[in-house]
4 protein chains.
Amino acid sequence: MASYYGKKLVINLFGESHGPAVGITMDGLPTGFEIDEVELRNFMDRRASGNSDLTTQRKEADLPEFISGIFQGKTCGTPLTILIRNGDAKSEDYGELHDVPRPGHADYTNHIRLSGDEDYRSGGHSSARLTAALTAGGGIAKQMLEDWGITVDAKLIEVDGNSENFDEIIAAAKEEGDSVGGIIECTIKGVPAGFGDPIFDGIENRFSQMIFAIPAVKGIEFGDGFQLARMKGSESNDAFDFDEEGKVITLTNHQGGILGGIANGMDIVFRVAFKPTPSISKTQQSISYSKGEVVELQVKGRHDPCVALRGVPVVEAAAAITMLDFLL
Amino acid sequence: MASYYGKKLVINLFGESHGPAVGITMDGLPTGFEIDEVELRNFMDRRASGNSDLTTQRKEADLPEFISGIFQGKTCGTPLTILIRNGDAKSEDYGELHDVPRPGHADYTNHIRLSGDEDYRSGGHSSARLTAALTAGGGIAKQMLEDWGITVDAKLIEVDGNSENFDEIIAAAKEEGDSVGGIIECTIKGVPAGFGDPIFDGIENRFSQMIFAIPAVKGIEFGDGFQLARMKGSESNDAFDFDEEGKVITLTNHQGGILGGIANGMDIVFRVAFKPTPSISKTQQSISYSKGEVVELQVKGRHDPCVALRGVPVVEAAAAITMLDFLL
Amino acid sequence: MASYYGKKLVINLFGESHGPAVGITMDGLPTGFEIDEVELRNFMDRRASGNSDLTTQRKEADLPEFISGIFQGKTCGTPLTILIRNGDAKSEDYGELHDVPRPGHADYTNHIRLSGDEDYRSGGHSSARLTAALTAGGGIAKQMLEDWGITVDAKLIEVDGNSENFDEIIAAAKEEGDSVGGIIECTIKGVPAGFGDPIFDGIENRFSQMIFAIPAVKGIEFGDGFQLARMKGSESNDAFDFDEEGKVITLTNHQGGILGGIANGMDIVFRVAFKPTPSISKTQQSISYSKGEVVELQVKGRHDPCVALRGVPVVEAAAAITMLDFLL
Amino acid sequence: MASYYGKKLVINLFGESHGPAVGITMDGLPTGFEIDEVELRNFMDRRASGNSDLTTQRKEADLPEFISGIFQGKTCGTPLTILIRNGDAKSEDYGELHDVPRPGHADYTNHIRLSGDEDYRSGGHSSARLTAALTAGGGIAKQMLEDWGITVDAKLIEVDGNSENFDEIIAAAKEEGDSVGGIIECTIKGVPAGFGDPIFDGIENRFSQMIFAIPAVKGIEFGDGFQLARMKGSESNDAFDFDEEGKVITLTNHQGGILGGIANGMDIVFRVAFKPTPSISKTQQSISYSKGEVVELQVKGRHDPCVALRGVPVVEAAAAITMLDFLL
């Protein structure tokens with residue numbers, strides 16, 4: 001029961017990396033909305049692999065197949081289900097993983113949790129492949145938000161500790177059979193003050209519950225985040241003022257547009273830490289369950305040297321779904 | 001419906017800072033557990049104010065009153081409700097706040113969200129006062145976890161960017177009518193591998209949903225967190241090994257004991273960023289709703305110059321509740 | 001986690017029959033609503049015992065104590081918690097029940113479910129005493145619904161198979177140390193067409209989930225209910241028409257105002273079957289856990305000979321809470 | 001968000017009667033279970049149309065397509081999604097229904113609720129077609145329960161008020177272009193005492209929330225149900241005893257195996273009232289939205305003269321899912 005998320009807009013992710021398909025069901029979408037399928041395809045292409053030398057070479061057509069929830073081209077108020085077939089999957093690459101877990105991956109923890117019954121091929125349900133379905137759903141949410149005048153934009157602001165020359169850094173890591181981490185910053189513009197809820201359902205709470213569903217995410221901060229812990233109150237408090245039209249604003253935005261879990265009308269800003277892709281071709285130390293001994297592992301298969309690169313539209317998608325849930 | 005949290009152990013916080021009481025209801029606790037009330041009182045005292053020159057001077061007895069869920073001294077399998085009466089509250093200090101919101105506080109956002117019907121006295125339901133109830137509940141969860149061999153310990157590791165001399169830094173800020181932020185690190189020992197759930201209900205997801213319920217928290221990171229984004233995969237992947245008893249371990253713990261949202265048997269480690277207390281006595285710029293103009297505000301009342309100081313047991317309490325929910 | 005109910009208005013019942021108090025927390029109520037406390041008291045008095053020879057002689061003042069959620073006499077948008085202290089409880093009457101379960105009661109099933117740790121005094125959390133808290137919450141919901149032009153009225157339509165002379169039938173049962181069942185019909189007027197949800201959250205689904213929370217309820221039917229199963233489609237289908245103002249109506253109301261789980265604008269009508277009070281003073285066969293043998297049991301204590309009598313305002317309260325949840 | 005159900009086993013239904021497919025996702029199933037697909041197909045055939053002269057002539061192959069959650073023939077601990085393609089659907093039969101709602105159907109209420117954006121073809125998401133997906137999921141749950149020694153069996157016990165000669169009664173109704181209702185009784189054997197939860201999550205509460213999701217259900221009763229309301233307590237209380245092996249039993253089972261919402265170890269018994277199929281070929285009075293006037297309607301298309309007939313495996317499926325959720 002861990003694949004569900006949301007309050008008014010409930011989403012559900014299903015599928016395994018090497019099963020027939022991955023998919024998403026979204027229940028609670030507004031009715032009468034006409035999805036721009038070309039725009040959706042373009043958005044999903046931003047995430048899809050094969051478009052760049054710097055991402056995995058696995059080819060995914062990733063055409064979304066609408067199963068339900070659409071009538072005469074518009075959302076009809078019932079659960080919208082999208083399937084994305086798994087095409088170019090080479091399962092034979094993963095046989096060894098049932099016995100030797102990849103360091104930094106969920107192989108070992110899924111093995112223990114599911115008593116050995118897990119689909120071990122490329123992480124199964126824990127695979128980043130699931131983010132294709134999340135991106136499809138988020139692409140729709142993003143289009144709907146635009147109708148409310150709300151935009152969601154993420155960008156990669158740091159790779160392996162650097163704030164520029166990302167392509168070179170990633171290419172070098174790939175060359176070495178290694179991988180690098182990165183930081184993504186997401187900005188949501190146009191959210192009116194007052195949206196959000198106190199205590200457990202604040203914007204920070206629900207965004208973080210969503211964002212940590214993206215594989216490889218290990219940290220999140222809102223506004224100036226950890227840097228706020230190094231400020232004085234007289235520095236971090238954003239002074240209130242009125243803009244020219246009499247709307248309440250703050251002169252700075254250290255709080256990232258959120259006070260007490262609720263939007264204050266300024267841009268909502270958060271940053272997400274992605275760890276390096278755990279699948280690397282460099283030789284690593286692992287264990288063999290069957291032999292009960294330490295073994296060397298060289299992960300085969302095709303992998304992104306920087307998962308954060310493809311994470312940008314995924315973060316946007318995740319943020320759009322969460323934001324839409326707040327607004328409904 | 002934002003004051004509920006949990007799956008198998010559902011908790012609910014209620015009360016306002018200056019109402020009759022704050023409280024917590026916990027539904028789903030194990031039965032037959034004898035709460036050590038002295039230990040609980042001691043734990044709550046760690047959070048309570050008035051014990052130090054460096055916290056607010058508001059005196060709170062904070063005696064937990066058990067309303068339900070206890071029979072013959074033991075948990076009896078029904079919702080356990082605890083009340084903590086609000087004693088020494090000076091409401092008159094807060095009258096101005098209905099018209100002039102405090103920068104960095106939820107005053108403005110609650111005002112918009114609740115159309116002016118909010119209890120504006122000291123943040124009402126958004127007040128840090130609610131953490132007294134959370135701490136009571138968490139103190140019970142902590143005792144229960146100890147029966148399973150699981151310990152939860154938090155400590156303040158940074159204040160205003162410094163890793164030592166906290167008392168002096170906080171005292172200086174207080175002297176200036178200002179406040180400082182801080183970082184708390186929490187370590188959970190003894191969680192067996194396999195606990196946790198994938199996707200939206202991973203350990204990171206559910207801990208962060210809980211931890212951001214603590215007022216002033218603006219960031220969370222697990223394991224090496226944001227530092228992981230600056231590592232190579234060959235550095236961040238924790239190599240598997242066996243310990244002397246044949247138990248699977250990792251040689252390092254960059255992942256903070258969590259892989260794919262699921263515990264791997266190593267210590268669970270996370271850090272939390274607390275912003276500086278927004279209530280400061282220094283003069284700040286705010287606005288007056290009634291006048292429609294910018295005004296100067298000097299926040300009266302008694303406030304902690306470093307809310308992170310009292311946050312230590314609160315983080316432990318929050319973590320203990322979440323961990324217990326996973327184990328049930 | 002079984003004491004929670006609702007989607008947008010989440011309620012939580014806590015307390016045991018012979019503990020310090022019973023209570024309710026309601027999260028999600030509209031803000032700025034002024035509760036008429038006199039009217040609430042009157043509503044609760046309809047349920048309270050001691051007002052009639054035909055109900056239990058246990059005296060309950062049942063004054064609702066507001067703990068949170070009210071500010072300056074109005075709902076302030078935070079969880080509203082009400083306590084009702086347990087006054088005149090004679091626990092000594094119930095000692096035997098820990099060893100000898102009462103037939104028709106939850107004593108045995110709670111004993112098994114809670115491994116012997118249950119509060120066995122008068123059913124503990126399963127006691128009809130909890131309906132005092134439900135009635136307090138429902139009384140508030142009822143007042144709020146009236147502001148929307150919606151009324152909720154229940155009446156006893158059958159006792160022990162008879163549709164009149166209820167007082168005599170109940171008095172006779174009491175005289176014999178026995179009890180009788182009854183049927184309550186509830187009518188909700190003024191619900192606009194379109195409220196409700198499909199599949200699992202239809203009006204029937206959510207009303208029934210709520211109504212079966214009332215102890216002693218064993219059946220529920222909507223509209224003509226079981227009688228519909230004995231009709232032809234040409235009889236049971238309610239023909240559509242327009243009223244004088246052009247509003248869509250149906251000429252009959254066999255469906256009880258509900259089509260596909262959604263209100264059609266006609267009166268919502270349902271009936272509830274209450275079994276006879278299981279606590280009777282007549283000698284009954286039970287078992288002794290400690291002796292492992294069959295024993296005779298004569299239930300002491302004071303009991304209603306017809307629990308359906310006091311069930312009328314409880315059904316109204318339960319229906320009002322559910323209806324309000326749909327409308328929010 | 002109304003298409004979700006469950007606590008530990010969360011299910012989600014999606015699809016429309018005349019869309020590409022209907023489907024179910026089940027999250028929380030036990031791992032390592034090998035589904036007997038032949039048995040599942042046979043179970044689904046019991047529901048499928050076209051097998052009898054007495055059900056609708058629409059042909060449905062209803063082959064379940066497994067999308068996720070199965071690995072190497074066994075459940076692998078991730079959400080299990082099944083699609084059932086919609087084959088022989090004649091949408092042109094339903095064009096008129098967008099303007100003229102069928103009496104007794106959800107056409108009108110969906111139209112109002114979804115502001116005219118509903119998929120009006122044969123009820124869309126509200127169609128009995130969705131029970132194909134529910135039956136697929138329930139068939140799996142039924143197989144799993146059998147491993148625990150629990151059986152779920154339903155039977156038609158009454159049609160149009162008669163307890164025999166069902167075929168003749170239904171055939172006669174069909175001949176007249178009319179339909180008839182019926183009553184189904186379901187018995188669950190083998191549930192150990194102690195399963196179930198108090199208050200809102202009792203067996204009655206959760207079974208009824210599920211069962212009313214089946215289209216055409218208008219009433220439910222447990223044990224002797226409404227008949228209990230016509231008994232004395234001395235008659236309805238089931239006396240406790242021990243069986244030959246020392247297990248606690250009751251000598252009668254008026255309570256239907258449930259006390260206080262919790263199983264007492266006896267057979268769980270409930271009855272469900274199905275109204276007559278609302279779609280009848282007899283001329284009925286309805287309205288035209290566009291004309292704003294009363295019109296005559298003759299429903300075209302192929303319909304079951306007694307929906308309760310096909311309801312038998314659907315009730316079993318629904319009961320099996322709910323029971324499994326309690327046991328997990």
# chains A, B, ... in the order shown; residues from 1 in each chain; ligands from 1
>>> select_by_dssp(residues="region 43-258 of chain B", states="strand (DSSP E or B)", output="JSON list (two decimals) with N, CA and C atoms, in the first residue's frame")
[["chain", "number", "residue", "atom", "x", "y", "z"],
["B", 65, "GLU", "N", -1.90, 14.48, 31.01],
["B", 65, "GLU", "CA", -3.11, 13.93, 31.62],
["B", 65, "GLU", "C", -3.63, 12.83, 30.69],
["B", 66, "PHE", "N", -3.66, 11.60, 31.17],
["B", 66, "PHE", "CA", -4.12, 10.49, 30.35],
["B", 66, "PHE", "C", -5.65, 10.42, 30.37],
["B", 67, "ILE", "N", -6.24, 10.54, 29.19],
["B", 67, "ILE", "CA", -7.69, 10.57, 29.07],
["B", 67, "ILE", "C", -8.25, 9.20, 28.68],
["B", 68, "SER", "N", -7.50, 8.46, 27.92],
["B", 68, "SER", "CA", -8.02, 7.18, 27.42],
["B", 68, "SER", "C", -6.87, 6.29, 26.98],
["B", 70, "ILE", "N", -5.50, 3.74, 28.48],
["B", 70, "ILE", "CA", -4.73, 3.10, 29.54],
["B", 70, "ILE", "C", -5.71, 2.39, 30.48],
["B", 71, "PHE", "N", -5.42, 1.15, 30.80],
["B", 71, "PHE", "CA", -6.26, 0.42, 31.75],
["B", 71, "PHE", "C", -5.35, -0.37, 32.67],
["B", 74, "LYS", "N", -1.68, -0.04, 31.87],
["B", 74, "LYS", "CA", -1.11, -0.51, 30.61],
["B", 74, "LYS", "C", -1.95, -0.05, 29.42],
["B", 75, "THR", "N", -1.30, 0.04, 28.26],
["B", 75, "THR", "CA", -2.06, 0.35, 27.05],
["B", 75, "THR", "C", -3.05, -0.79, 26.81],
["B", 80, "LEU", "N", -5.14, 6.19, 22.57],
["B", 80, "LEU", "CA", -4.57, 6.80, 23.77],
["B", 80, "LEU", "C", -4.55, 8.31, 23.58],
["B", 81, "THR", "N", -5.27, 9.00, 24.45],
["B", 81, "THR", "CA", -5.32, 10.46, 24.35],
["B", 81, "THR", "C", -4.67, 11.08, 25.57],
["B", 82, "ILE", "N", -3.80, 12.04, 25.31],
["B", 82, "ILE", "CA", -3.12, 12.78, 26.37],
["B", 82, "ILE", "C", -3.43, 14.26, 26.21],
["B", 83, "LEU", "N", -3.79, 14.88, 27.30],
["B", 83, "LEU", "CA", -3.96, 16.35, 27.31],
["B", 83, "LEU", "C", -2.81, 16.98, 28.08],
["B", 84, "ILE", "N", -2.40, 18.15, 27.61],
["B", 84, "ILE", "CA", -1.45, 18.96, 28.37],
["B", 84, "ILE", "C", -2.07, 20.36, 28.48],
["B", 85, "ARG", "N", -2.44, 20.69, 29.68],
["B", 85, "ARG", "CA", -3.12, 21.97, 29.89],
["B", 85, "ARG", "C", -2.18, 23.13, 29.59],
["B", 151, "THR", "N", 17.02, 2.37, 19.60],
["B", 151, "THR", "CA", 17.20, 3.65, 20.30],
["B", 151, "THR", "C", 17.17, 4.81, 19.31],
["B", 152, "VAL", "N", 16.67, 5.93, 19.79],
["B", 152, "VAL", "CA", 16.56, 7.14, 18.97],
["B", 152, "VAL", "C", 17.25, 8.27, 19.71],
["B", 153, "ASP", "N", 18.31, 8.80, 19.15],
["B", 153, "ASP", "CA", 19.04, 9.87, 19.83],
["B", 153, "ASP", "C", 19.35, 11.01, 18.89],
["B", 154, "ALA", "N", 19.00, 12.21, 19.31],
["B", 154, "ALA", "CA", 19.29, 13.40, 18.52],
["B", 154, "ALA", "C", 20.24, 14.30, 19.29],
["B", 155, "LYS", "N", 20.99, 15.10, 18.56],
["B", 155, "LYS", "CA", 21.83, 16.09, 19.22],
["B", 155, "LYS", "C", 21.98, 17.30, 18.31],
["B", 156, "LEU", "N", 22.24, 18.42, 18.95],
["B", 156, "LEU", "CA", 22.46, 19.67, 18.23],
["B", 156, "LEU", "C", 23.91, 19.65, 17.75],
["B", 157, "ILE", "N", 24.11, 19.72, 16.44],
["B", 157, "ILE", "CA", 25.49, 19.63, 15.95],
["B", 157, "ILE", "C", 26.01, 20.96, 15.40],
["B", 158, "GLU", "N", 25.10, 21.92, 15.25],
["B", 158, "GLU", "CA", 25.54, 23.19, 14.68],
["B", 158, "GLU", "C", 24.57, 24.29, 15.13],
["B", 159, "VAL", "N", 25.12, 25.43, 15.55],
["B", 159, "VAL", "CA", 24.29, 26.60, 15.88],
["B", 159, "VAL", "C", 24.88, 27.80, 15.14],
["B", 162, "ASN", "N", 28.18, 27.26, 13.66],
["B", 162, "ASN", "CA", 29.28, 26.82, 14.51],
["B", 162, "ASN", "C", 28.99, 25.43, 15.09],
["B", 180, "VAL", "N", 18.99, 32.63, 16.52],
["B", 180, "VAL", "CA", 19.88, 31.86, 15.64],
["B", 180, "VAL", "C", 19.27, 30.52, 15.27],
["B", 182, "GLY", "N", 19.89, 26.36, 13.73],
["B", 182, "GLY", "CA", 20.77, 25.26, 14.10],
["B", 182, "GLY", "C", 20.44, 24.00, 13.34],
["B", 183, "ILE", "N", 21.31, 23.03, 13.46],
["B", 183, "ILE", "CA", 21.14, 21.74, 12.78],
["B", 183, "ILE", "C", 21.17, 20.62, 13.81],
["B", 184, "ILE", "N", 20.19, 19.74, 13.72],
["B", 184, "ILE", "CA", 20.10, 18.60, 14.63],
["B", 184, "ILE", "C", 20.35, 17.33, 13.82],
["B", 185, "GLU", "N", 21.13, 16.44, 14.41],
["B", 185, "GLU", "CA", 21.36, 15.14, 13.78],
["B", 185, "GLU", "C", 20.71, 14.07, 14.64],
["B", 186, "CYS", "N", 20.03, 13.17, 13.98],
["B", 186, "CYS", "CA", 19.32, 12.11, 14.70],
["B", 186, "CYS", "C", 19.81, 10.75, 14.21],
["B", 187, "THR", "N", 20.08, 9.85, 15.15],
["B", 187, "THR", "CA", 20.56, 8.51, 14.82],
["B", 187, "THR", "C", 19.64, 7.47, 15.45],
["B", 188, "ILE", "N", 19.21, 6.53, 14.64],
["B", 188, "ILE", "CA", 18.35, 5.45, 15.13],
["B", 188, "ILE", "C", 19.13, 4.16, 14.99],
["B", 189, "LYS", "N", 19.35, 3.52, 16.10],
["B", 189, "LYS", "CA", 20.13, 2.28, 16.11],
["B", 189, "LYS", "C", 19.23, 1.08, 16.35],
["B", 196, "GLY", "N", 10.42, -0.66, 6.12],
["B", 196, "GLY", "CA", 10.28, 0.45, 5.18],
["B", 196, "GLY", "C", 9.46, -0.02, 4.00],
["B", 217, "VAL", "N", 11.42, 23.94, 10.85],
["B", 217, "VAL", "CA", 12.25, 23.04, 10.05],
["B", 217, "VAL", "C", 12.14, 23.43, 8.57],
["B", 218, "LYS", "N", 13.28, 23.57, 7.90],
["B", 218, "LYS", "CA", 13.28, 23.96, 6.48],
["B", 218, "LYS", "C", 14.10, 23.03, 5.59],
["B", 219, "GLY", "N", 14.70, 22.00, 6.18],
["B", 219, "GLY", "CA", 15.45, 21.07, 5.34],
["B", 219, "GLY", "C", 15.70, 19.77, 6.06],
["B", 220, "ILE", "N", 15.84, 18.71, 5.28],
["B", 220, "ILE", "CA", 16.16, 17.40, 5.86],
["B", 220, "ILE", "C", 17.04, 16.65, 4.87],
["B", 221, "GLU", "N", 18.00, 15.91, 5.40],
["B", 221, "GLU", "CA", 18.84, 15.09, 4.52],
["B", 221, "GLU", "C", 19.17, 13.78, 5.24],
["B", 222, "PHE", "N", 19.30, 12.72, 4.45],
["B", 222, "PHE", "CA", 19.53, 11.39, 5.00],
["B", 222, "PHE", "C", 20.93, 10.93, 4.62],
["B", 232, "LYS", "N", 31.32, 10.86, -6.10],
["B", 232, "LYS", "CA", 31.24, 9.89, -7.18],
["B", 232, "LYS", "C", 30.51, 8.65, -6.68],
["B", 240, "PHE", "N", 29.09, -3.89, 0.53],
["B", 240, "PHE", "CA", 28.52, -4.90, 1.43],
["B", 240, "PHE", "C", 29.61, -5.79, 1.99],
["B", 241, "ASP", "N", 29.35, -6.29, 3.18],
["B", 241, "ASP", "CA", 30.26, -7.23, 3.81],
["B", 241, "ASP", "C", 29.47, -8.03, 4.85],
["B", 242, "PHE", "N", 30.14, -8.93, 5.50],
["B", 242, "PHE", "CA", 29.53, -9.65, 6.62],
["B", 242, "PHE", "C", 30.26, -9.26, 7.90],
["B", 248, "VAL", "N", 24.75, -9.28, 7.39],
["B", 248, "VAL", "CA", 25.14, -8.39, 6.29],
["B", 248, "VAL", "C", 25.27, -6.96, 6.81],
["B", 249, "ILE", "N", 26.39, -6.37, 6.52],
["B", 249, "ILE", "CA", 26.61, -4.96, 6.90],
["B", 249, "ILE", "C", 27.15, -4.21, 5.69],
["B", 250, "THR", "N", 27.30, -2.90, 5.84],
["B", 250, "THR", "CA", 28.04, -2.14, 4.82],
["B", 250, "THR", "C", 29.27, -1.55, 5.52],
["B", 258, "ILE", "N", 19.61, 3.52, 4.70],
["B", 258, "ILE", "CA", 18.40, 3.40, 3.90],
["B", 258, "ILE", "C", 18.76, 3.18, 2.43]]
>>> residues_around(residues="Gly15 (chain A)", least_positions_apart="3", cutoff="12 Å", atoms="only C-alpha atoms", output="ChimeraX atom specification")
/A:3,12,18-25,82-86,119,123-134 /B:199 /D:25-27,66-71,76-82
>>> write_last_selection(atoms="N, CA and C atoms", output="short mmCIF file (atom, residue, chain, number, x, y, z; two decimals), in the first residue's frame")
data_model
loop_
_atom_site.label_atom_id
_atom_site.label_comp_id
_atom_site.auth_asym_id
_atom_site.auth_seq_id
_atom_site.Cartn_x
_atom_site.Cartn_y
_atom_site.Cartn_z
N SER A 3 2.30 2.60 -2.79
CA SER A 3 2.41 3.17 -4.13
C SER A 3 1.33 4.20 -4.38
N ASN A 12 -1.36 6.58 -8.15
CA ASN A 12 -0.90 5.24 -7.87
C ASN A 12 0.05 4.82 -8.99
N HIS A 18 11.20 -4.44 -15.76
CA HIS A 18 11.28 -5.43 -16.83
C HIS A 18 10.00 -6.24 -16.96
N GLY A 19 8.89 -5.74 -16.42
CA GLY A 19 7.59 -6.35 -16.64
C GLY A 19 6.98 -5.82 -17.93
N PRO A 20 5.71 -6.13 -18.20
CA PRO A 20 5.10 -5.70 -19.45
C PRO A 20 5.00 -4.17 -19.60
N ALA A 21 4.76 -3.46 -18.50
CA ALA A 21 4.55 -2.01 -18.61
C ALA A 21 4.69 -1.38 -17.24
N VAL A 22 4.89 -0.07 -17.24
CA VAL A 22 4.70 0.70 -16.01
C VAL A 22 3.49 1.60 -16.25
N GLY A 23 2.90 2.10 -15.16
CA GLY A 23 1.71 2.91 -15.36
C GLY A 23 1.38 3.76 -14.16
N ILE A 24 0.40 4.63 -14.37
CA ILE A 24 -0.07 5.51 -13.31
C ILE A 24 -1.58 5.63 -13.41
N THR A 25 -2.22 5.65 -12.26
CA THR A 25 -3.64 5.98 -12.19
C THR A 25 -3.78 7.26 -11.38
N ILE A 82 -2.80 5.53 -17.34
CA ILE A 82 -1.88 5.56 -18.47
C ILE A 82 -0.92 4.38 -18.34
N LEU A 83 -0.74 3.67 -19.42
CA LEU A 83 0.27 2.61 -19.48
C LEU A 83 1.43 3.08 -20.34
N ILE A 84 2.61 2.67 -19.98
CA ILE A 84 3.78 2.86 -20.83
C ILE A 84 4.46 1.50 -20.93
N ARG A 85 4.40 0.95 -22.12
CA ARG A 85 4.95 -0.40 -22.33
C ARG A 85 6.46 -0.39 -22.14
N ASN A 86 6.98 -1.46 -21.61
CA ASN A 86 8.42 -1.61 -21.49
C ASN A 86 8.95 -2.30 -22.74
N ASP A 119 10.99 -9.02 -7.79
CA ASP A 119 11.45 -8.97 -9.18
C ASP A 119 12.79 -8.23 -9.15
N GLY A 123 16.01 -3.63 -10.32
CA GLY A 123 15.32 -2.93 -9.24
C GLY A 123 13.82 -3.15 -9.24
N GLY A 124 13.29 -3.76 -10.30
CA GLY A 124 11.86 -4.07 -10.33
C GLY A 124 11.02 -2.82 -10.17
N HIS A 125 10.17 -2.82 -9.12
CA HIS A 125 9.27 -1.71 -8.85
C HIS A 125 10.04 -0.49 -8.32
N SER A 126 11.24 -0.71 -7.80
CA SER A 126 12.05 0.39 -7.25
C SER A 126 12.87 1.08 -8.33
N SER A 127 12.74 0.63 -9.56
CA SER A 127 13.56 1.16 -10.64
C SER A 127 13.18 2.59 -11.00
N ALA A 128 14.16 3.34 -11.50
CA ALA A 128 13.89 4.68 -12.00
C ALA A 128 12.95 4.64 -13.21
N ARG A 129 12.77 3.44 -13.76
CA ARG A 129 11.82 3.28 -14.86
C ARG A 129 10.42 3.75 -14.47
N LEU A 130 10.08 3.61 -13.20
CA LEU A 130 8.75 4.05 -12.72
C LEU A 130 8.56 5.55 -12.91
N THR A 131 9.67 6.29 -12.98
CA THR A 131 9.52 7.74 -13.14
C THR A 131 8.97 8.11 -14.52
N ALA A 132 9.00 7.15 -15.46
CA ALA A 132 8.34 7.42 -16.75
C ALA A 132 6.84 7.62 -16.53
N ALA A 133 6.26 6.77 -15.68
CA ALA A 133 4.84 6.90 -15.40
C ALA A 133 4.55 8.16 -14.58
N LEU A 134 5.43 8.45 -13.64
CA LEU A 134 5.26 9.66 -12.83
C LEU A 134 5.33 10.90 -13.72
N ILE B 199 8.63 3.55 -2.89
CA ILE B 199 7.97 4.70 -3.55
C ILE B 199 7.56 5.76 -2.52
N THR D 25 -6.02 -2.37 -9.70
CA THR D 25 -4.69 -2.45 -9.11
C THR D 25 -4.84 -2.84 -7.66
N MET D 26 -4.07 -3.82 -7.23
CA MET D 26 -4.11 -4.28 -5.84
C MET D 26 -2.72 -4.11 -5.24
N ASP D 27 -2.63 -3.30 -4.20
CA ASP D 27 -1.34 -3.03 -3.57
C ASP D 27 -1.35 -3.59 -2.16
N PHE D 66 -2.28 -9.45 -17.19
CA PHE D 66 -1.47 -9.05 -16.04
C PHE D 66 -0.41 -8.04 -16.48
N ILE D 67 -0.46 -6.86 -15.90
CA ILE D 67 0.44 -5.78 -16.28
C ILE D 67 1.63 -5.67 -15.33
N SER D 68 1.41 -6.00 -14.08
CA SER D 68 2.48 -5.82 -13.09
C SER D 68 2.20 -6.67 -11.87
N GLY D 69 3.21 -6.80 -11.03
CA GLY D 69 3.00 -7.46 -9.74
C GLY D 69 3.23 -8.96 -9.76
N ILE D 70 3.50 -9.50 -10.94
CA ILE D 70 3.76 -10.94 -11.07
C ILE D 70 5.18 -11.12 -11.61
N PHE D 71 5.94 -11.97 -10.99
CA PHE D 71 7.29 -12.27 -11.49
C PHE D 71 7.51 -13.78 -11.38
N CYS D 76 4.92 -10.66 -6.53
CA CYS D 76 6.28 -10.26 -6.15
C CYS D 76 6.29 -9.05 -5.21
N GLY D 77 5.13 -8.73 -4.60
CA GLY D 77 5.14 -7.73 -3.55
C GLY D 77 4.97 -6.30 -4.03
N THR D 78 4.66 -6.14 -5.29
CA THR D 78 4.44 -4.81 -5.84
C THR D 78 3.00 -4.74 -6.34
N PRO D 79 2.51 -3.54 -6.64
CA PRO D 79 1.10 -3.44 -7.05
C PRO D 79 0.78 -4.35 -8.24
N LEU D 80 -0.24 -5.15 -8.08
CA LEU D 80 -0.65 -6.06 -9.15
C LEU D 80 -1.76 -5.38 -9.95
N THR D 81 -1.51 -5.17 -11.22
CA THR D 81 -2.50 -4.52 -12.07
C THR D 81 -2.98 -5.49 -13.14
N ILE D 82 -4.30 -5.55 -13.27
CA ILE D 82 -4.93 -6.40 -14.28
C ILE D 82 -5.78 -5.52 -15.19
#
>>> atom_distance(atom1="CA of Gly265 (chain B)", atom2="CA of Gly190 (chain B)")
7.3 Å
>>> select_by_dssp(residues="region 158-311 of chain C", states="helix (DSSP H, G or I)", output="PyMOL selection string")
chain C and resi 166-175+199-201+203-211+225-230+233-236+307-311
>>> closest_residue(among="B:Leu40, B:Leu114, B:Ala239, B:Leu29", to="Lys8 (chain B)", atoms="only C-alpha atoms")
B:Leu29
>>> closest_residue(among="B:Asn264, B:Asp197, B:Gly257, B:Glu96", to="chain D", atoms="only C-alpha atoms")
B:Asp197
>>> closest_residue(among="D:Asn165, D:Ser179, D:Thr252, D:Gln72", to="Arg121 (chain A)", atoms="only C-alpha atoms")
D:Gln72
